[in-house]
Amino acid sequence: MGANSSRISDLPQNEYLKKLSGTESVSQNDPFWNQLLSFSFPTPTSSTELKLLEEATISVCRSLVENNPRTGNLGALIKVFLSRTKELKLSAECQNHIFIWQTHNALFIICCLLKVFICEMSEEELQLHFTYEDKSPGSYSSDSEDLLEELLCCLMQLITDTPLLDITYEISVEAISTMVVFLSCQLFHKEVLRHSISHKYLMRGPCLPYTSKLVKTLLYNFIRQEKPPPPGAHVLSQQSDGGGLLYGLASGVATGLWTVFTLGGVGSKAAASPELSSPLANQSLLLLLVLANLTDAPDAPNPYRQAILSFKNTQDNSPFPSSIPHAFQINFNSLYTALCEQQTSDQATLLLYTLLHQNSNIRTYMLARTDMENLVLPILEILYHVEERNSHHVYMALIILLILTEDDGFNRSIHEVILKNITWYSERALTEISLGSLLILVVIRTIQYNMTRTRDKYLHTNCLAALANMSAQFRALHQYAAQRIISLFSLLSKKHNKVLEQATQSLRGSLSSNDVPLPDYAQDLNVIEEVIRMMLEIINSCLTNSLHHNPNLVYALLYKRDLFEQFRTHPSFQDIMQNIDLVITFFSSRLLQAGAELSVERVLEIIKQGIVALPKDRLKPRKAAEDGPKPWSPPPLWETWKKLLAPQLKLLQPLGSEPVDGGLLSLP
């Protein structure tokens, strides 16, 4: 362009930007637009460059906010973009690089401007800015056309209908990014938006017919993980004459948006940022999750959530019920493979949770897979490296395990899958172990980490609930897994004794001084006893339902039988100790009869013989105790979404702005 800005510091003085944001109106037919949109700009490659870019352009954006009511230049720019998109598909087929390049640049500017507009004003004011034209100051169009709705509908058409080629890759990413920016209004409201203007447009009118097609396109973008074209293969390569504004400006937003939501739980350690191999896949996933979590309209449910709830496998030939308006089909095998490969990111784990929790078709398909280890192992790695993950990613992985372990078939099949050489498990060399035993080891390790570090009761309860779900189906437990179960009980027993001793000493000390407030040891004791009871329920369930499959657990139980002595007569545990005490007594007697100095092999042989000899009716199944593990009740999806993603949503904010007091985390 005529006055290229090759350096970030030159952008505020760029004559074309100043004209766009100034007091002079520019007609949509003015040659100015071709000059403005014919630029390239080197992409920022670091957070420092992104910050400098935003500092350099914020004044331009705010100047347009001030002058647009008189000039209508925002509306003119959007109309230029809309007119160009009508020929975009034909331009892609004809390989018209220049036309697509300029159309992308127009959308680039719109996305960057919207980011500032949304931050600076209410949705009602934003909608007014879409209506201003070159008339008297503050006047607006009374035409029936709604430019905001038309832009949203155009973006949906661009995403779903434009063929994905090297020359259209960047504009496809930018269209998705712009929709994410549109939906960022929630950031600046304390309450959940239930009557948002953009939500209204997306859920009715001309946008509604694109619902299933958009969701399907976004899912396939995630599945395919298309990488960006190599330098020189697309229209946005850096020009030899330095380049202009917009590639850098919008690239700053896009780069920030690509990393939105991927890091950081509140009060937890942020994980290292993985390099984005497919910006298109990442942005598609983010938009898909945002759409799925939009609140329902007053008179209609969220159609995007309906689409995610109801899509089926391409191999399923059964007709869709007439009550499902936005259903479609997708290749489940490809989706399953992509989900297995992408679990290192928070958002992919959130998508997996969303599908397992809400789509019965995908849940049934996944639970029927014979290669569940491909999905479970990445989830276990998240839990194993708990100290390197943010807390919300860990919670999401744990909830996924809870959903899976609610299925008895899953609980049986994981003990039939034999794994070899689990290299990431460093506490002990595991040359051969079942998937079920490995799952137990990782969950127990997570509990022990939580006991010594975070002390989160929610994490404790749900880890134990996963073990409780599995316990009746424990099969051929690895000796190390059996040892860790009893070791965890030993640790809990020691903590119980320590707190009990502290409570006793504190009570004695209070007799000599009535003025000193007592620590609340009773509450600590109740929490520990609740966890101990859950552990006893797990051990009891295994012994009652699958004793003959688990000689290693019996061995570990006998080796540490003294641990259970104090709980035999404890009023809180007497009922649940009956079967455990019977097993310990029965097998201890048989070992005593066999003589002293028995080898490990001989002890296991005696245990296996005893398992056959023990009458099955001696072990009495317990009814579900009221104070035992409760069925898992998933949190509202929006609550999970906002807690997981809130820290990175700040990347949507223009420099120097803040969301409303309380921010996203204070939403109800």
# chains A, B, ... in the order shown; residues from 1 in each chain; ligands from 1

call {"tool": "select_by_dssp", "arguments": {"residues": "region 122-235 of chain A", "states": "alpha helix (DSSP H)", "output": "number ranges by chain"}}
result
A: 123-129, 147-161, 169-182, 197-203, 211-224

call {"tool": "atom_distance", "arguments": {"atom1": "CA of Ser21 (chain A)", "atom2": "CA of Ile58 (chain A)"}}
result
11.2 Å

call {"tool": "closest_atom_pairs", "arguments": {"of": "region 187-222 of chain A", "to": "region 162-167 of chain A", "cutoff": "12 Å", "atoms": "only C-alpha atoms", "output": "Markdown table"}}
result
| residue | atom | partner | partner_atom | distance |
| --- | --- | --- | --- | --- |
| A:Leu214 | CA | A:Thr162 | CA | 11.9 |
| A:Thr217 | CA | A:Thr162 | CA | 10.8 |
| A:Tyr220 | CA | A:Leu164 | CA | 11.6 |
| A:Asn221 | CA | A:Leu164 | CA | 9.8 |

call {"tool": "write_last_selection", "arguments": {"atoms": "all heavy atoms", "output": "mmCIF file, in the first residue's frame"}}
result
data_model
loop_
_atom_site.group_PDB
_atom_site.id
_atom_site.type_symbol
_atom_site.label_atom_id
_atom_site.label_comp_id
_atom_site.auth_asym_id
_atom_site.auth_seq_id
_atom_site.Cartn_x
_atom_site.Cartn_y
_atom_site.Cartn_z
ATOM 1 N N LEU A 214 -22.895 -25.906 10.829
ATOM 2 C CA LEU A 214 -21.783 -25.239 11.514
ATOM 3 C C LEU A 214 -21.138 -26.160 12.533
ATOM 4 O O LEU A 214 -19.906 -26.291 12.582
ATOM 5 C CB LEU A 214 -22.276 -23.961 12.193
ATOM 6 C CG LEU A 214 -21.228 -23.184 13.002
ATOM 7 C CD1 LEU A 214 -20.091 -22.698 12.102
ATOM 8 C CD2 LEU A 214 -21.862 -22.015 13.740
ATOM 9 N N THR A 217 -19.162 -28.820 10.747
ATOM 10 C CA THR A 217 -17.925 -28.279 10.177
ATOM 11 C C THR A 217 -16.868 -28.069 11.251
ATOM 12 O O THR A 217 -15.686 -28.413 11.067
ATOM 13 C CB THR A 217 -18.205 -26.947 9.459
ATOM 14 O OG1 THR A 217 -19.151 -27.167 8.398
ATOM 15 C CG2 THR A 217 -16.926 -26.362 8.880
ATOM 16 N N TYR A 220 -15.456 -31.423 12.311
ATOM 17 C CA TYR A 220 -14.539 -31.980 11.316
ATOM 18 C C TYR A 220 -13.231 -31.191 11.255
ATOM 19 O O TYR A 220 -12.164 -31.761 10.997
ATOM 20 C CB TYR A 220 -15.205 -32.049 9.946
ATOM 21 C CG TYR A 220 -15.905 -33.365 9.696
ATOM 22 C CD1 TYR A 220 -17.253 -33.422 9.359
ATOM 23 C CD2 TYR A 220 -15.216 -34.572 9.821
ATOM 24 C CE1 TYR A 220 -17.892 -34.642 9.139
ATOM 25 C CE2 TYR A 220 -15.842 -35.788 9.611
ATOM 26 C CZ TYR A 220 -17.182 -35.819 9.272
ATOM 27 O OH TYR A 220 -17.804 -37.025 9.066
ATOM 28 N N ASN A 221 -13.293 -29.887 11.492
ATOM 29 C CA ASN A 221 -12.046 -29.117 11.585
ATOM 30 C C ASN A 221 -11.178 -29.633 12.729
ATOM 31 O O ASN A 221 -9.950 -29.731 12.601
ATOM 32 C CB ASN A 221 -12.351 -27.633 11.801
ATOM 33 C CG ASN A 221 -12.848 -26.952 10.542
ATOM 34 O OD1 ASN A 221 -12.736 -27.492 9.441
ATOM 35 N ND2 ASN A 221 -13.399 -25.762 10.689
#

call {"tool": "closest_residue", "arguments": {"among": "A:Cys61, A:His97, A:Phe81, A:Ser323", "to": "Asn29 (chain A)", "atoms": "only C-alpha atoms"}}
result
A:Phe81

call {"tool": "closest_residue", "arguments": {"among": "A:Leu339, A:Leu202, A:Cys111, A:Val26", "to": "Thr354 (chain A)", "atoms": "only C-alpha atoms"}}
result
A:Leu339
